[in-house]
Amino acid sequence: MGKLIIQDKAVVVPGETLAEGMDYLPGAGTYRLGDKILAEKLGLINIDGRALKLIPLSGRYAPKRNDVIICKVIDVTFGGWRFETNSAYSAMLSVKDATSDYIARGADLTSYFDIGDYVVAKITNVTSQKLVDLTTKGVGLKRLRGGRMIKVNSQKVPRIIGKQGSMVTMIKKATNCNIVVGQNGLIWLSGEPKDEVTAVSAIRMIEANSHIKGLTDKIKDYLGFTGEVGEPEHKEYEHKENEHKEYGHKEYESSQNDDNN
Amino acid sequence: MADDLKSHLISSFEKNVRFDNRGLLDFRNVVIEYSVSKNAEGSARVKVGDTEVVVGVKLMIDKPFPDTPDEGVIMVNTEFLPMANPDFESGPPGIEAIEQARVVDRGIRESKMIDLKKLCIKKGEKVWIVSIDVCTLNDDGNLLDASALGAMAALKSARFPEYENDEINYKTHTAAKLPMKKQPVAVTVYKIGKHFFVDPSKEEEQNIDARLTITTTEDNTICALQKGGDCPLTLDDITKMLDIATKISKELRSKL
């Protein structure tokens with residue numbers, strides 16, 4: 001008979017025994033050794049039926065399929081672009097996944113993305129050798145123009161986005177900033193200078209207090225926001241498996257019009 | 001994107017707002033800790049926001065230079081360690097590190113803050129050598145001002161080791177301090193577009209047009225200047241930068 005050693009929501013360290021016996025299943029961030037399940041990282045345990053999942057408290061971003069990330073062009077090759085992804089691995093975007101335009105052989109690819117440009121892209125595949133493939137075909141996937149970039153702990157990104165995108169939508173509404181949150185911990189903002197500062201400090205506050213309950217209300221007070229929280233302003237949200245990872249795309253479209261160039 | 005960030009910075013500066021909500025002429029919080037190293041004769045750790053440097057002062061005895069037989073020697077060495085910034089590479093100091101070492105050195109040397117004649121033990125044979133080493137621990141912009149401030153603090157905390165019968169005993173330190181007369185402080189004024197500001201963050205530092213490092217002593221005497229960046233400065237620019245630097249240097253000196 002299997003035995004659970006730790007409690008739900010417990011903080012565990014790498015190598016700590018979580019359960020014994022075959023009745024429990026190792027989920028993300030855990031592994032099986034013999035008949036025991038051990039923790040792979042430092043984090044919180046989430047018991048989901050028979051599966052044990054570990055939510056890491058810290059650590060670098062690990063590329064995952066279907067994540068929307070913000071990345072930076074580091075190389076332009078013959079067949080595409082190489083990106084820096086704020087993780088241990090760089091990513092490739094091939095010309096055929098970049099645009100549906102016709103691009104002649106040997107054309108100048110820098111007119112699409114040049115070195116140093118920031119691009120919102122979606123991960124289409126991660127191989128076992130950690131080769132990451134990207135696409136920029138899709139709603140809201142594009143090159144970012146103007147604005148500024150901040151880095152946050154990628155493990156806190158789900159909190160910054162909030163359920164159904166509630167948190168980030170609230171910050172956007174309260175500060176009138178365009179914000180794009182990448183799963184890899186890069187956040188792009190564009191707005192009035194004072195508003196940007198408010199938005200950044202709100203994001204930093206979420207990052208520092210991500211474990212607190214009722215954080216949305218705290219941030220709401222901080223921003224002095226009076227509107228309704230939790231209702232995204234538009235319904236065309238793209239739904240993904242994980243409800244925390246929501247991406248609105250109206251912002252991407254509107255931000256296309258306020259180029260600083 | 002690099003140009004995008006620069007124009008975004010300028011539009012923000014136009015409204016007198018910096019990315020971290022400081023005013024254009026506000027320094028980040030400066031923290032100075034004295035005597036952080038036991039083995040150095042003098043040392044200091046300086047934090048300016050997240051930028052952090054440790055400076056050590058070592059005192060040695062050696063032959064003086066033949067052209068100044070009755071004067072001690074000052075040496076400044078800076079290293080940009082890879083742990084401070086992923087862009088720094090290990091190996092011999094690069095051009096930026098050498099520039100920084102020379103700016104720190106020039107401020108100390110040209111202000112004549114140390115009475116070099118008093119460092120002479122026997123003319124033409126034995127003088128004290130003051131070796132100042134700057135280690136960068138974290139680079140979040142403005143390493144220059146932090147290093148110069150750190151060098152000043154380390155020199156202030158330095159004590160001579162025991163010296164008897166031609167031998168230095170580094171284990172025991174005497175109460176004797178370095179013969180110091182002045183307190184030069186370096187302030188670098190940066191320019192982006194038509195805006196002047198001090199104490200840049202990393203992203204501001206990467207987008208500057210020009211910078212001018214101005215080292216002044218207590219009586220507002222300018223003892224060293226160093227210009228950097230790609231754009232030229234007009235006479236009017238320099239006057240404005242000098243005004244800013246003399247004002248800021250007073251704030252910094254009060255923290256020493």
# chains A, B, ... in the order shown; residues from 1 in each chain; ligands from 1
>>> closest_atom_pairs(of="range 134-176 of chain B", to="range 202-224 of chain B", cutoff="9 Å", atoms="only C-alpha atoms", output="CSV")
residue,atom,partner,partner_atom,distance
B:Asp139,CA,B:Lys202,CA,7.5
B:Asp140,CA,B:Lys202,CA,4.9
B:Gly141,CA,B:Lys202,CA,4.3
B:Asn142,CA,B:Glu205,CA,7.5
B:Leu144,CA,B:Thr213,CA,8.4
B:Asp145,CA,B:Thr213,CA,8.3
>>> interface_residues(of="chain B", to="chain A", cutoff="8 Å", atoms="only C-alpha atoms", output="list in words")
Met1, Ala2, Asp4, Leu5, Ser7, His8, Ser11, Ser12, Lys15, Val17, Arg18, Phe19, Asp20 and Asn21 of chain B
>>> write_last_selection(atoms="C-alpha atoms", output="PDB file, in the first residue's frame")
ATOM      1  CA  MET B   1      15.221  47.568 -31.179  1.00  0.00           C
ATOM      2  CA  ALA B   2      18.319  49.241 -29.727  1.00  0.00           C
ATOM      3  CA  ASP B   4      13.702  51.888 -30.236  1.00  0.00           C
ATOM      4  CA  LEU B   5      14.852  51.739 -26.639  1.00  0.00           C
ATOM      5  CA  SER B   7      13.956  56.904 -28.422  1.00  0.00           C
ATOM      6  CA  HIS B   8      11.768  55.453 -25.679  1.00  0.00           C
ATOM      7  CA  SER B  11      10.615  60.399 -24.618  1.00  0.00           C
ATOM      8  CA  SER B  12      10.603  59.333 -20.976  1.00  0.00           C
ATOM      9  CA  LYS B  15       8.708  64.041 -19.041  1.00  0.00           C
ATOM     10  CA  VAL B  17      10.835  60.338 -15.534  1.00  0.00           C
ATOM     11  CA  ARG B  18      13.411  57.591 -15.481  1.00  0.00           C
ATOM     12  CA  PHE B  19      12.596  53.898 -15.862  1.00  0.00           C
ATOM     13  CA  ASP B  20      13.114  53.327 -12.141  1.00  0.00           C
ATOM     14  CA  ASN B  21      11.167  56.449 -11.120  1.00  0.00           C
TER      15      ASN B  21
END
>>> residues_around(residues="Asn85 in chain B", least_positions_apart="3", cutoff="12 Å", atoms="only C-alpha atoms", output="PDB file with C-alpha atoms, in the first residue's frame")
ATOM      1  CA  ASP B  50      22.539  47.025  -7.351  1.00  0.00           C
ATOM      2  CA  THR B  51      25.984  47.990  -8.586  1.00  0.00           C
ATOM      3  CA  GLU B  52      28.625  46.700  -6.226  1.00  0.00           C
ATOM      4  CA  GLU B  79      39.204  44.230 -13.154  1.00  0.00           C
ATOM      5  CA  PHE B  80      35.826  43.681 -14.767  1.00  0.00           C
ATOM      6  CA  LEU B  81      35.044  40.229 -13.458  1.00  0.00           C
ATOM      7  CA  PRO B  82      32.719  37.960 -15.462  1.00  0.00           C
ATOM      8  CA  PHE B  88      32.726  40.820 -19.279  1.00  0.00           C
ATOM      9  CA  GLU B  89      35.306  38.241 -20.239  1.00  0.00           C
ATOM     10  CA  SER B  90      38.074  36.853 -18.097  1.00  0.00           C
ATOM     11  CA  THR B 136      33.580  44.663  -9.673  1.00  0.00           C
ATOM     12  CA  LEU B 137      31.048  42.364  -8.047  1.00  0.00           C
ATOM     13  CA  ASN B 138      27.906  43.433  -9.873  1.00  0.00           C
ATOM     14  CA  ASP B 139      27.401  45.756 -12.789  1.00  0.00           C
ATOM     15  CA  ASP B 140      24.081  47.557 -12.890  1.00  0.00           C
ATOM     16  CA  GLY B 141      25.502  50.697 -14.456  1.00  0.00           C
ATOM     17  CA  LEU B 143      30.783  51.297 -12.219  1.00  0.00           C
ATOM     18  CA  LYS B 202      22.578  49.346 -17.229  1.00  0.00           C
TER      19      LYS B 202
END
>>> closest_residue(among="B:Ile10, B:Val31, B:Val36, B:Val46", to="Ala151 in chain B", atoms="only C-alpha atoms")
B:Val46
>>> select_by_dssp(residues="range 6-163 of chain A", states="helix (DSSP H, G or I)", output="MDAnalysis selection string")
chainID A and resid 95:98 109:111 154:161 163
>>> residues_around(residues="Lys122 in chain B", least_positions_apart="3", cutoff="12 Å", atoms="only C-alpha atoms", output="PDB file with N, CA and C atoms, in the first residue's frame")
ATOM      1  N   ILE B  61      56.782  48.009  -0.041  1.00  0.00           N
ATOM      2  CA  ILE B  61      57.981  48.856  -0.115  1.00  0.00           C
ATOM      3  C   ILE B  61      58.820  48.413  -1.295  1.00  0.00           C
ATOM      4  N   ASP B  62      59.225  49.388  -2.098  1.00  0.00           N
ATOM      5  CA  ASP B  62      60.064  49.061  -3.254  1.00  0.00           C
ATOM      6  C   ASP B  62      60.866  50.298  -3.647  1.00  0.00           C
ATOM      7  N   LYS B  63      61.609  50.163  -4.724  1.00  0.00           N
ATOM      8  CA  LYS B  63      62.411  51.292  -5.220  1.00  0.00           C
ATOM      9  C   LYS B  63      61.494  52.314  -5.881  1.00  0.00           C
ATOM     10  N   PRO B  64      61.792  53.614  -5.714  1.00  0.00           N
ATOM     11  CA  PRO B  64      60.990  54.627  -6.412  1.00  0.00           C
ATOM     12  C   PRO B  64      61.389  54.722  -7.881  1.00  0.00           C
ATOM     13  N   PRO B  69      62.778  60.317  -7.132  1.00  0.00           N
ATOM     14  CA  PRO B  69      63.438  59.439  -6.139  1.00  0.00           C
ATOM     15  C   PRO B  69      62.908  59.609  -4.721  1.00  0.00           C
ATOM     16  N   ASP B  70      62.240  60.774  -4.445  1.00  0.00           N
ATOM     17  CA  ASP B  70      61.802  60.997  -3.064  1.00  0.00           C
ATOM     18  C   ASP B  70      60.275  60.935  -2.947  1.00  0.00           C
ATOM     19  N   GLU B  71      59.620  60.262  -3.880  1.00  0.00           N
ATOM     20  CA  GLU B  71      58.159  60.186  -3.843  1.00  0.00           C
ATOM     21  C   GLU B  71      57.681  58.740  -3.859  1.00  0.00           C
ATOM     22  N   GLY B  72      56.595  58.488  -3.148  1.00  0.00           N
ATOM     23  CA  GLY B  72      55.968  57.174  -3.175  1.00  0.00           C
ATOM     24  C   GLY B  72      55.275  56.943  -4.508  1.00  0.00           C
ATOM     25  N   LYS B 117      55.542  62.699  -0.966  1.00  0.00           N
ATOM     26  CA  LYS B 117      56.868  62.912  -0.355  1.00  0.00           C
ATOM     27  C   LYS B 117      56.949  62.214   1.012  1.00  0.00           C
ATOM     28  N   LYS B 118      55.806  62.156   1.704  1.00  0.00           N
ATOM     29  CA  LYS B 118      55.789  61.526   3.027  1.00  0.00           C
ATOM     30  C   LYS B 118      55.862  60.005   2.941  1.00  0.00           C
ATOM     31  N   LEU B 119      55.701  59.462   1.732  1.00  0.00           N
ATOM     32  CA  LEU B 119      55.771  58.003   1.570  1.00  0.00           C
ATOM     33  C   LEU B 119      57.204  57.540   1.321  1.00  0.00           C
ATOM     34  N   GLU B 125      65.905  54.868  -2.763  1.00  0.00           N
ATOM     35  CA  GLU B 125      66.028  53.433  -2.495  1.00  0.00           C
ATOM     36  C   GLU B 125      64.739  52.773  -2.049  1.00  0.00           C
ATOM     37  N   LYS B 126      64.082  53.442  -1.063  1.00  0.00           N
ATOM     38  CA  LYS B 126      62.909  52.790  -0.498  1.00  0.00           C
ATOM     39  C   LYS B 126      61.756  53.771  -0.361  1.00  0.00           C
ATOM     40  N   VAL B 127      60.633  53.425  -0.973  1.00  0.00           N
ATOM     41  CA  VAL B 127      59.421  54.228  -0.788  1.00  0.00           C
ATOM     42  C   VAL B 127      58.239  53.275  -0.618  1.00  0.00           C
ATOM     43  N   TRP B 128      57.159  53.796  -0.043  1.00  0.00           N
ATOM     44  CA  TRP B 128      55.925  53.011   0.035  1.00  0.00           C
ATOM     45  C   TRP B 128      55.237  53.033  -1.323  1.00  0.00           C
ATOM     46  N   ASP B 166      63.851  46.986   8.354  1.00  0.00           N
ATOM     47  CA  ASP B 166      63.695  46.690   6.922  1.00  0.00           C
ATOM     48  C   ASP B 166      62.706  45.576   6.628  1.00  0.00           C
TER      49      ASP B 166
END
>>> atom_distance(atom1="CA of Lys177 in chain B", atom2="CA of Arg253 in chain B")
19.0 Å
>>> closest_residue(among="B:Glu33, B:Asp115, B:Asp105, B:Asp237", to="Ala148 in chain B", atoms="only C-alpha atoms")
B:Asp105
>>> atom_distance(atom1="CA of Val126 in chain A", atom2="CA of Pro63 in chain A")
7.1 Å
>>> closest_residue(among="A:Ile161, A:Ile206, A:Leu223, A:Ile150", to="Trp188 in chain A", atoms="only C-alpha atoms")
A:Ile150
>>> select_by_dssp(residues="range 41-167 of chain B", states="strand (DSSP E or B)", output="PyMOL selection string")
chain B and resi 42-48+51-62+73-79+114+120-122+126-138+159-164+167
